Amino acid sequence: MTTPSSGLTRRQEYERRQRRRSLVIAGSSTALIILAIVLLVPLAPGWERVQNSFFNAEVFAKSFPKLLSAFLVDVAIFAWSAPLIAILGLAIALARDVRNPVLYPLRLFGMVYTDVFRGVPVVLVVYLIGFGIPGLGLPRPWNSPYIWGTVALVLTYSAYVAEIFRSGIESVHASQRSAALSLGLSSSDSMRFVVLPQAIRRVIPAQMNMLIALQKDVALLSFIGPVEIFRQAGVFKSLLANFTPYVVAALIFLVITVPTTRLADHLISKQNRARS
Amino acid sequence: MKLRLDQIKKTLGNRLVLDGISLDVSQGEMICLIGASGSGKSTLLRCINLLEPLDDGAIWLDGHDIATPGLDPQPVRQKIGIVFQSYNLFPHMTALENVLLAPRRITKKSRADLMPHVGELFERFGLSQHMDQYPDQLSGGQQQRVAIVRALAMKPEIMLFDEITSALDPELVGEVLEVLKALKREGMTMILATHEMTFARDVGNRVCFLDRGRILEQGPPEQVFNTPKEPRTRDFLARVLNRG
Amino acid sequence: MRSTQFLTALGLTICTFPGIALADGHCAAGKTLEDGKLTIATGNPAYFPWVMDDAPESGQGFESAVAYAIAAEMGFEADNVVWVRSGFDESIQPGAKNFDFNMQQFSITEDREKVVDFSMPYYSSAMAVLTTQGVVDAGAEANLASLKSLKWGADANTTAVPLLMNLVAPDSDPLLYNDNTDVTAAIQAGQIDAALFDLPTALYLSAVVVENGTLLGQFPADRSENPDQFGALMEEGSPLKACVDEAITVLSESGALQQIEASWLSETTGVPVIK
Ligand SMILES: Nc1ncnc2c1ncn2[C@@H]1O[C@H](COP(=O)(O)OP(=O)(O)OP(=O)(O)O)[C@@H](O)[C@H]1O
Ligand SMILES: [Mg+2]
């Protein structure tokens with residue numbers, strides 16, 4: 001037994017050395033590249049103008065507070081859309097799964113629904129529903145772009161979310177359903193207590209990706225009026241003839257999306273490890 | 001007569017898997033289905049549990065034809081339990097949750113009301129310490145016993161077992177077969193598809209040899225194993241007995 | 001007769017060799033994107049009454065006509081005017097531009113002037129309140145108190161946004177849109193009561209686009225605060241600015257500009273002034 005004095009096994013000792021080595025290499029190469037960018041880019045002839053247009057400190061300070069408060073609009077739209085999408089998506093997925101031939105129309109509806117709303121660009125749905133339905137003559141506040149914009153997002157996203165749920169449901173082996181049914185459980189109980197819990201667990205990472213996409217697509221509601229962060233940035237851009245407000249908006253967005261993206265990736269890799 | 005199968009026919013894909021099966025099962029009897037792979041044993045059991053609808057024929061349980069098309073299968077399945085080769089425990093539930101799910105949903109009884117019976121089952125099959133473990137924390141033999149407890153928790157009148165030992169390591173087979181013996185002593189009516197010829201001979205009341213969707217030969221174990229009438233039965237037995 | 005024919009022929013010849021077309025002493029010589037040509041940008045699409053039928057080459061429409069007048073003043077034949085399309089974003093992004101100047105109702109502001117150059121104004125616009133008869137019937141009036149209570153909308157890319165906040169300061173947050181079409185769609189859908197546009201655009205929208213559209217009133221062009229004046233947009237530090245300014249000055253002093261305005265933007269009277 002030749003356990004080193006550090007109390008680590010030979011293998012741990014080796015891995016520690018390796019880790020340190022790769023850390024040094026990664027750190028120095030990253031530093032080198034950043035240094036190159038910082039030193040070389042400003043040498044480019046157009047740098048000053050680019051800097052002035054995209055990274056203007058004065059414009060940054062001027063636009064930041066208003067952009068941050070406009071971002072709350074995005075957060076709010078996201079917060080009430082996401083649960084609605086989950087509920088409708090699950091309902092559509094279940095409709096697509098019904099086996100009873102009497103309920104075939106329901107299944108057909110689910111199929112057509114997912115095909116149509118996955119086939120049409122979100123912006124188009126936002127426009128059509130956001131202007132179209134209020135145009136039918138709804139009184140205020142029922143014609144609000146917030147309501148119908150949300151409806152458009154929910155319709156589109158629930159089609160994608162439904163497909164993910166459905167793939168999850170199908171990934172649960174038929175024998176699980178058989179086992180539940182053989183115990184005398186109704187088919188809805190079998191779905192609710194046996195299949196769905198497993199299916200949902202499996203698709204959480206994929207659904208996280210949908211959430212991330214949704215976070216960005218709430219900005220599309222600005223097309224029909226609401227002044228959320230990208231619209232506000234656009235107004236600043238137009239008034240100040242400067243793109244810095246967009247950079248500010250992107251930064252604010254990143255603060256939210258990067259952690260969620262990391263979390264999703266973490267969940268995915270965790271699941272992959274569990275499977276293998 | 002507890003259970004009577006009358007000319008059961010079943011097609012899967014475009015294959016006639018069950019080709020007119022008739023069988024009478026008395027109260028407390030243990031029937032062993034033997035036969036080559038693909039002969040239709042699993043399909044027959046699934047049909048009896050109504051997991052597969054019949055094409056033709058009838059299944060009489062206590063004088064009622066439970067295979068009548070359009071009949072609600074749920075109450076029937078509560079009377080006929082089935083255990084599968086691959087256990088099919090619900091992986092997201094503990095052993096106890098697996099067992100309690102159906103009784104709670106169907107009888108609407110509280111956990112406290114169910115616990116005496118369920119606890120006793122766990123006790124009897126040597127699983128008391130494993131109630132709160134998840135399936136993947138249990139050995140194959142333990143999982144299979146939990147699956148049996150899960151089926152028994154519904155207090156079925158008939159139990160169907162589909163090769164419940166063939167996925168198990170040899171040293172775990174014994175503990176599961178012991179469970180079957182115990183059930184037989186208690187007078188449970190059972191039909192089991194099995195490759196355990198010794199067990200079929202020693203414990204079964206009757207052996208049925210299935211061949212291409214028909215019962216080619218049936219009778220008391222000694223008769224079928226020692227003096228098979230049909231050449232195909234003889235071939236099959238020669239193959240499986242030599243292998244063991 | 002002979003001599004005029006000769007001169008015409010000479011003129012044509014000169015035109016076909018643009019490199020030598022301009023007298024060397026002319027202001028714009030060598031300062032344009034392409035020698036001998038003047039490249040002018042407009043919107044995509046370009047709207048009535050600024051450009052008729054989205055065809056700036058025709059010279060029909062106020063901005064199109066002004067563009068050709070400026071070009072002529074700078075010494076470019078109509079044939080040597082090249083039209084390109086360019087959005088606002090392309091116009092303000094750093095780097096080389098694909099036009100010599102860009103005319104699409106760009107309002108001159110101090111902030112914008114830090115990034116791009118504007119010519120002298122070629123038009124001073126009144127701002128007008130576009131609404132529908134339904135809103136008027138519901139009691140909207142051409143006074144500030146009434147205007148404040150309306151639900152407002154505007155084109156997000158225009159100076160109508162700050163003007164709206166300064167001139168009206170509505171009670172509820174305005175809704176903002178990508179372009180005229182979307183603003184009118186929102187008016188039509190009843191999502192907004194009113195929108196702020198430059199007067200000629202508002203007139204056109206109320207007459208042609210918005211069903212039951214009407215103008216509630218105008219903020220006059222010569223208001224001392226926040227006057228809205230259109231200028232031709234050029235690259236920051238463009239050497240052409242002096243030439244364009246000179247041309248506009250000449251056109252304005254000779255009355256030519258007013259004449260063009262009269263023929264394309266004639267109906268702007270009769271809209272009540274908001275007090
Ligand atoms: N869904 C299906 N579609 C078509 N054929 C099927 C289907 N399911 C089973 N079969 C066929 O039906 C026949 C009977 O299958 P079954 O599972 O009942 O046999 P078994 O006797 O239980 O065999 P084993 O001993 O391998 O479990 C097999 O030949 C099988 O290929
Ligand atoms: Mg089988």
# chains A, B, ... in the order shown; residues from 1 in each chain; ligands from 1
>>> interface_residues(of="chain A", to="chain B", cutoff="6 Å", atoms="only C-alpha atoms", output="JSON, numbers by chain")
{"A": [176, 182, 184]}
>>> write_last_selection(atoms="C-alpha atoms", output="PDB file, in the first residue's frame")
ATOM      1  CA  GLN A 176     -45.807   0.055 -18.333  1.00  0.00           C
ATOM      2  CA  SER A 182     -53.687  -5.225 -15.713  1.00  0.00           C
ATOM      3  CA  GLY A 184     -57.528  -2.774 -12.988  1.00  0.00           C
TER       4      GLY A 184
END
>>> select_by_dssp(residues="segment 2-237 of chain C", states="strand (DSSP E or B)", output="ChimeraX atom specification")
/C:38-42,81-85,101-102,107,116-125,127-132,152-155,175-177,194-198,213-219,228-235
>>> residues_around(residues="Ser86 of chain C", least_positions_apart="3", cutoff="7 Å", atoms="only C-alpha atoms", output="PyMOL selection string")
chain C and resi 41-44+90-91
>>> interface_residues(of="chain A", to="chain C", cutoff="7 Å", atoms="only C-alpha atoms", output="JSON, numbers by chain")
{"A": [46, 49, 50, 53, 131, 134, 135, 137, 143, 144, 223, 224, 225, 226, 227, 234, 235, 238, 239, 240, 241]}
>>> residues_around(residues="Asn205 of chain B", least_positions_apart="2", cutoff="8 Å", atoms="only C-alpha atoms", output="number ranges by chain")
B: 29-32, 203, 207, 220-221
>>> residues_near_ligand(ligand="ligand 1", cutoff="9 Å", atoms="only C-alpha atoms and all ligand atoms", output="NGL selection string")
:B and (11-18 or 33-46 or 85 or 162-163 or 193-195 or 210-213)
>>> atom_distance(atom1="atom CA of Phe64 of chain A", atom2="atom CA of Ala169 of chain C")
21.5 Å
>>> residues_around(residues="Arg201 of chain A", least_positions_apart="4", cutoff="10 Å", atoms="only C-alpha atoms", output="PyMOL selection string")
(chain A and resi 165+168+196-197+205+271) or (chain B and resi 92)
>>> write_last_selection(atoms="N, CA and C atoms", output="CSV table (one decimal), in the first residue's frame")
chain,number,residue,atom,x,y,z
A,165,PHE,N,-44.1,16.4,-25.5
A,165,PHE,CA,-44.8,15.6,-24.5
A,165,PHE,C,-45.1,14.2,-25.1
A,168,GLY,N,-42.3,12.0,-25.4
A,168,GLY,CA,-42.1,11.4,-24.1
A,168,GLY,C,-43.0,10.3,-23.7
A,196,LEU,N,-47.5,9.3,-17.5
A,196,LEU,CA,-47.1,10.8,-17.6
A,196,LEU,C,-46.0,11.1,-16.7
A,197,PRO,N,-46.0,10.6,-15.4
A,197,PRO,CA,-44.8,11.0,-14.6
A,197,PRO,C,-43.5,10.6,-15.2
A,205,PRO,N,-35.6,18.3,-20.1
A,205,PRO,CA,-34.5,19.0,-20.8
A,205,PRO,C,-35.0,19.6,-22.1
A,271,GLN,N,-29.3,13.5,-17.5
A,271,GLN,CA,-30.1,12.4,-18.0
A,271,GLN,C,-29.4,11.5,-18.9
B,92,HIS,N,-40.8,5.0,-11.1
B,92,HIS,CA,-40.8,6.3,-10.4
B,92,HIS,C,-41.5,6.2,-9.0
>>> residues_around(residues="Glu170 of chain A", least_positions_apart="5", cutoff="12 Å", atoms="only C-alpha atoms", output="number ranges by chain")
A: 93-94, 96-97, 163-165, 175-177, 191, 195-196, 198-200, 202-203
>>> select_by_dssp(residues="segment 22-218 of chain B", states="alpha helix (DSSP H)", output="PyMOL selection string")
chain B and resi 41-48+73-79+95-107+111-124+140-152+170-185+197-203
>>> residues_around(residues="Ile59 of chain B", least_positions_apart="2", cutoff="12 Å", atoms="only C-alpha atoms", output="VMD selection string")
chain B and resid 1 to 9 20 to 25 44 to 45 47 to 50 53 to 57 61 to 69 76
>>> closest_residue(among="A:Gln18, A:Ser178, A:Gln215, A:Thr156", to="Gly89 of chain A", atoms="only C-alpha atoms")
A:Thr156
>>> atom_distance(atom1="atom CA of Ser119 of chain C", atom2="atom CA of Phe99 of chain C")
14.1 Å
>>> closest_residue(among="B:Thr189, B:Gln218, B:Thr227, B:Ser166", to="ligand 2", atoms="only C-alpha atoms and all ligand atoms")
B:Ser166
